[in-house]
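Data file: coords-v6.cif. Format and content: mmCIF, C-alpha atoms and all ligand atoms.
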data_input
#
loop_
_atom_site.label_atom_id
_atom_site.label_comp_id
_atom_site.auth_asym_id
_atom_site.auth_seq_id
_atom_site.Cartn_x
_atom_site.Cartn_y
_atom_site.Cartn_z
CA MET A 1 9.57 -5.59 -0.98
CA ARG A 2 9.37 -3.16 -3.91
CA ASP A 3 6.46 -4.73 -5.79
CA ILE A 4 3.32 -3.13 -4.36
CA ALA A 5 1.06 -5.83 -5.84
CA ASN A 6 3.07 -8.44 -3.92
CA VAL A 7 2.85 -6.39 -0.72
CA PHE A 8 -0.94 -6.22 -0.98
CA PHE A 9 -1.33 -9.87 -2.00
CA LEU A 10 0.88 -11.16 0.82
CA SER A 11 -1.09 -9.00 3.29
CA ALA A 12 -4.33 -10.44 1.88
CA VAL A 13 -3.17 -14.04 2.26
CA LEU A 14 -1.95 -13.40 5.83
CA CYS A 15 -5.33 -11.83 6.69
CA VAL A 16 -7.38 -14.73 5.31
CA THR A 17 -5.14 -17.24 7.05
CA ALA A 18 -5.77 -15.48 10.37
CA GLY A 19 -9.48 -15.09 9.52
CA MET A 20 -9.82 -18.79 8.73
CA VAL A 21 -8.01 -19.81 11.92
CA LEU A 22 -10.51 -17.67 13.85
CA GLY A 23 -13.40 -19.21 11.88
CA LEU A 24 -12.10 -22.72 12.55
CA TRP A 25 -12.02 -21.86 16.27
CA MET A 26 -15.49 -20.24 16.27
CA GLY A 27 -17.20 -23.20 14.62
CA PRO A 28 -16.43 -26.03 17.04
CA THR A 29 -16.51 -23.84 20.16
CA GLY A 30 -19.84 -22.27 19.12
CA ASN A 31 -18.42 -18.92 20.22
CA PHE A 32 -19.50 -16.52 17.51
CA GLN A 33 -18.97 -13.26 19.35
CA PHE A 34 -15.78 -12.63 17.37
CA ALA A 35 -17.57 -13.10 14.03
CA PRO A 36 -17.18 -9.36 13.19
CA VAL A 37 -13.38 -9.74 13.60
CA HIS A 38 -13.47 -12.77 11.30
CA ALA A 39 -15.60 -10.85 8.78
CA HIS A 40 -13.25 -7.83 8.74
CA LEU A 41 -10.11 -9.95 8.43
CA ASN A 42 -11.69 -11.78 5.50
CA LEU A 43 -13.48 -8.94 3.70
CA LEU A 44 -11.38 -5.85 4.47
CA GLY A 45 -8.24 -8.00 4.68
CA TRP A 46 -8.44 -10.81 2.16
CA VAL A 47 -10.97 -9.55 -0.41
CA THR A 48 -10.11 -5.84 -0.43
CA MET A 49 -6.32 -6.27 -0.26
CA ALA A 50 -6.40 -8.96 -2.95
CA LEU A 51 -8.43 -6.64 -5.20
CA PHE A 52 -5.85 -3.88 -4.62
CA ALA A 53 -3.08 -6.36 -5.52
CA ILE A 54 -4.84 -7.47 -8.72
CA TYR A 55 -5.52 -3.85 -9.66
CA TYR A 56 -1.87 -2.85 -9.29
CA ARG A 57 -0.72 -5.92 -11.26
CA LEU A 58 -3.17 -5.14 -14.09
CA THR A 59 -2.47 -1.39 -14.05
CA PRO A 60 1.33 -1.11 -13.85
CA ARG A 61 1.39 2.68 -14.32
CA ALA A 62 -0.59 3.05 -11.11
CA ALA A 63 1.94 0.89 -9.22
CA GLN A 64 4.78 3.35 -9.81
CA GLY A 65 5.92 6.09 -7.46
CA ARG A 66 5.10 7.03 -3.89
CA LEU A 67 1.29 7.04 -3.91
CA PRO A 68 0.75 3.23 -3.93
CA ARG A 69 3.16 2.98 -0.99
CA VAL A 70 1.19 5.60 0.93
CA HIS A 71 -1.92 3.60 0.00
CA ALA A 72 -0.40 0.43 1.52
CA ALA A 73 0.87 2.35 4.56
CA LEU A 74 -2.74 3.34 5.34
CA ALA A 75 -4.59 0.20 4.21
CA ILE A 76 -2.51 -2.46 5.99
CA PRO A 77 -2.48 -0.84 9.46
CA GLY A 78 -6.13 0.05 8.81
CA VAL A 79 -7.30 -3.55 8.58
CA LEU A 80 -5.06 -4.63 11.47
CA LEU A 81 -6.33 -1.87 13.78
CA MET A 82 -9.96 -2.39 12.75
CA SER A 83 -9.79 -6.13 13.40
CA GLY A 84 -7.63 -5.88 16.51
CA GLY A 85 -9.72 -3.05 17.98
CA LEU A 86 -12.91 -5.01 17.33
CA ALA A 87 -11.43 -8.04 19.09
CA VAL A 88 -10.41 -5.94 22.11
CA GLU A 89 -13.81 -4.23 22.30
CA ILE A 90 -15.76 -7.50 21.91
CA ALA A 91 -13.60 -8.94 24.69
CA GLY A 92 -15.13 -6.26 26.91
CA ARG A 93 -12.35 -3.65 26.88
CA PRO A 94 -13.66 -0.18 25.90
CA GLU A 95 -10.15 0.96 24.94
CA GLY A 96 -10.70 -1.04 21.76
CA PHE A 97 -13.11 1.63 20.49
CA PRO A 98 -10.59 4.38 19.62
CA VAL A 99 -8.46 1.73 17.93
CA ILE A 100 -11.44 0.77 15.76
CA VAL A 101 -12.02 4.44 14.91
CA LEU A 102 -8.37 4.93 13.95
CA GLY A 103 -8.45 1.76 11.84
CA ALA A 104 -11.65 2.89 10.16
CA PHE A 105 -10.21 6.28 9.22
CA LEU A 106 -6.99 4.70 7.93
CA SER A 107 -9.05 2.27 5.84
CA PHE A 108 -11.27 5.04 4.51
CA GLY A 109 -8.24 7.24 3.78
CA SER A 110 -6.68 4.36 1.87
CA MET A 111 -9.86 3.99 -0.17
CA LEU A 112 -9.84 7.71 -1.02
CA ILE A 113 -6.29 7.27 -2.33
CA PHE A 114 -7.47 4.27 -4.33
CA LEU A 115 -10.40 6.27 -5.73
CA PHE A 116 -7.97 8.99 -6.84
CA THR A 117 -5.69 6.33 -8.35
CA VAL A 118 -8.48 4.69 -10.32
CA LEU A 119 -9.73 8.05 -11.58
CA ARG A 120 -6.21 8.96 -12.61
CA TYR A 121 -4.99 5.73 -14.19
CA GLY A 122 -8.19 3.86 -15.03
CA PHE A 123 -8.16 0.07 -14.87
CA GLY A 124 -5.73 -2.10 -16.81
CA VAL A 125 -3.15 -1.38 -19.47
CA ALA A 126 -5.72 -0.91 -22.25
CA GLN A 127 -7.01 2.28 -20.67
CA ALA A 128 -4.86 4.71 -22.66
CA SER A 129 -7.63 6.03 -24.91
CA GLY A 130 -10.57 5.36 -22.61
CA HIS A 131 -12.70 7.29 -20.20
CA GLY A 132 -10.28 6.75 -17.31
CA ALA A 133 -7.43 8.21 -19.33
CA ARG A 134 -9.43 11.37 -20.02
CA LEU A 135 -10.30 11.66 -16.33
CA GLY A 136 -6.65 10.92 -15.52
CA ALA A 137 -5.48 13.62 -17.88
CA ALA A 138 -7.94 16.04 -16.27
CA ILE A 139 -6.74 15.14 -12.77
CA GLY A 140 -3.12 15.21 -13.86
CA ALA A 141 -3.58 18.69 -15.28
CA VAL A 142 -4.85 20.05 -11.95
C1 LIG A 201 -11.85 -21.83 6.96
C2 LIG A 201 -12.68 -20.92 6.47
C3 LIG A 201 -13.82 -20.31 7.27
C4 LIG A 201 -14.44 -20.76 8.40
C5 LIG A 201 -14.15 -22.03 9.20
C6 LIG A 201 -15.47 -19.78 8.74
C7 LIG A 201 -16.31 -19.87 9.84
C8 LIG A 201 -17.28 -18.94 10.17
C9 LIG A 201 -18.16 -19.02 11.33
C10 LIG A 201 -18.17 -20.17 12.35
C11 LIG A 201 -18.95 -17.92 11.32
C12 LIG A 201 -20.03 -17.54 12.36
C13 LIG A 201 -21.35 -18.06 11.88
C14 LIG A 201 -22.50 -17.59 12.76
O1 LIG A 201 -22.42 -16.47 13.33
O2 LIG A 201 -23.48 -18.34 12.87
C15 LIG A 201 -18.60 -17.12 10.16
C16 LIG A 201 -19.19 -15.92 9.82
C17 LIG A 201 -18.83 -15.14 8.73
N1 LIG A 201 -17.85 -15.43 7.80
FE1 LIG A 201 -16.65 -17.08 7.82
N2 LIG A 201 -15.44 -18.77 7.80
C18 LIG A 201 -14.45 -19.04 6.88
C19 LIG A 201 -14.09 -18.25 5.79
C20 LIG A 201 -14.67 -17.03 5.45
C21 LIG A 201 -14.28 -16.20 4.32
C22 LIG A 201 -13.17 -16.57 3.34
C23 LIG A 201 -15.08 -15.09 4.33
C24 LIG A 201 -15.11 -13.90 3.41
C25 LIG A 201 -14.32 -13.73 2.37
C26 LIG A 201 -15.98 -15.21 5.48
C27 LIG A 201 -16.93 -14.29 5.83
C28 LIG A 201 -17.80 -14.41 6.90
C29 LIG A 201 -18.78 -13.40 7.24
C30 LIG A 201 -19.08 -12.11 6.49
C31 LIG A 201 -19.44 -13.86 8.41
C32 LIG A 201 -20.56 -13.17 9.18
C33 LIG A 201 -19.92 -12.34 10.28
C34 LIG A 201 -20.94 -11.74 11.24
O3 LIG A 201 -22.04 -12.26 11.34
O4 LIG A 201 -20.58 -10.76 11.93
N3 LIG A 201 -15.69 -16.40 6.13
N4 LIG A 201 -17.58 -17.77 9.48
#
Turn this file's structure into structure tokens for me.
Amino acid sequence: MRDIANVFFLSAVLCVTAGMVLGLWMGPTGNFQFAPVHAHLNLLGWVTMALFAIYYRLTPRAAQGRLPRVHAALAIPGVLLMSGGLAVEIAGRPEGFPVIVLGAFLSFGSMLIFLFTVLRYGFGVAQASGHGARLGAAIGAV
């Protein structure tokens, strides 16, 4: 799939579907120990990925080239490893911890790429003469 906004949005919808299934299981069973997994699937997965998707759709210049693909290659495994590692650790298996750490660093790395992207391209197509464009020009000149 070439369209990076679609990649992020599909990932977001898959995450919230899984998060809701977990929530629907937690409610009736009264087993809330996996609530942090549910929260990360929904907030790091659904909310954050959907915001990335909307950003790339509204800022087409930022969606071009290799960087948004590197962004996705860090962000998507990041949320999966964070959530999966949390589930494993909560289930009482300490080997989940390094998985959480790896997922956390992938997620943070993806956010640093996003920070760079926003500084470089601003937000939206109407950014050309704005503050973001000046920052972008400064970054681009480095
Ligand atoms: C079908 C939809 C959903 C169901 C059935 C559901 C169910 C639940 C349940 C049963 C809990 C545990 C409550 C407790 O600890 O007393 C919970 C916690 C939580 N949910 Fe959901 N939820 C749903 C959707 C969402 C969505 C869409 C989000 C965010 C975008 C979300 C964010 C959270 C957060 C942040 C917590 C607290 C986690 C924690 O305490 O560690 N949930 N949810």
- Counting all atoms listed in the file, what is within 9 Å of segment 5-21 of chain A, bar same-chain residues fewer than 5 positions away, as a list of chain:residue names? A:Met26, A:Val37, A:His38, A:Ala39, A:His40, A:Leu41, A:Asn42, A:Leu43, A:Leu44, A:Gly45, A:Trp46, A:Val47, A:Thr48, A:Met49, A:Ala50, A:Leu51, A:Phe52, A:Ala53, A:Ile54, A:Tyr55, A:Tyr56, A:Arg57, A:Ala63, A:Ala72, A:Ile76, A:Val79, A:Leu80
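Note that the spacing between atom CA of Thr59 of chain A and atom CA of Val125 of chain A amounts to 5.5 Å.
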- For atom CA of Met82 of chain A and atom CA of Leu102 of chain A, quote the distance in Å rounded to one decimal. 7.6 Å
- From the list A:Leu24, A:Phe34, A:Gln64, A:Phe123, which residue is nearest Asp3 of chain A when using all atoms listed in the file? A:Gln64
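For the atom pair formed by atom C9 of ligand LIG 201 (chain A) and atom CA of Ala73 of chain A, the distance is 29.4 Å, given to one decimal.
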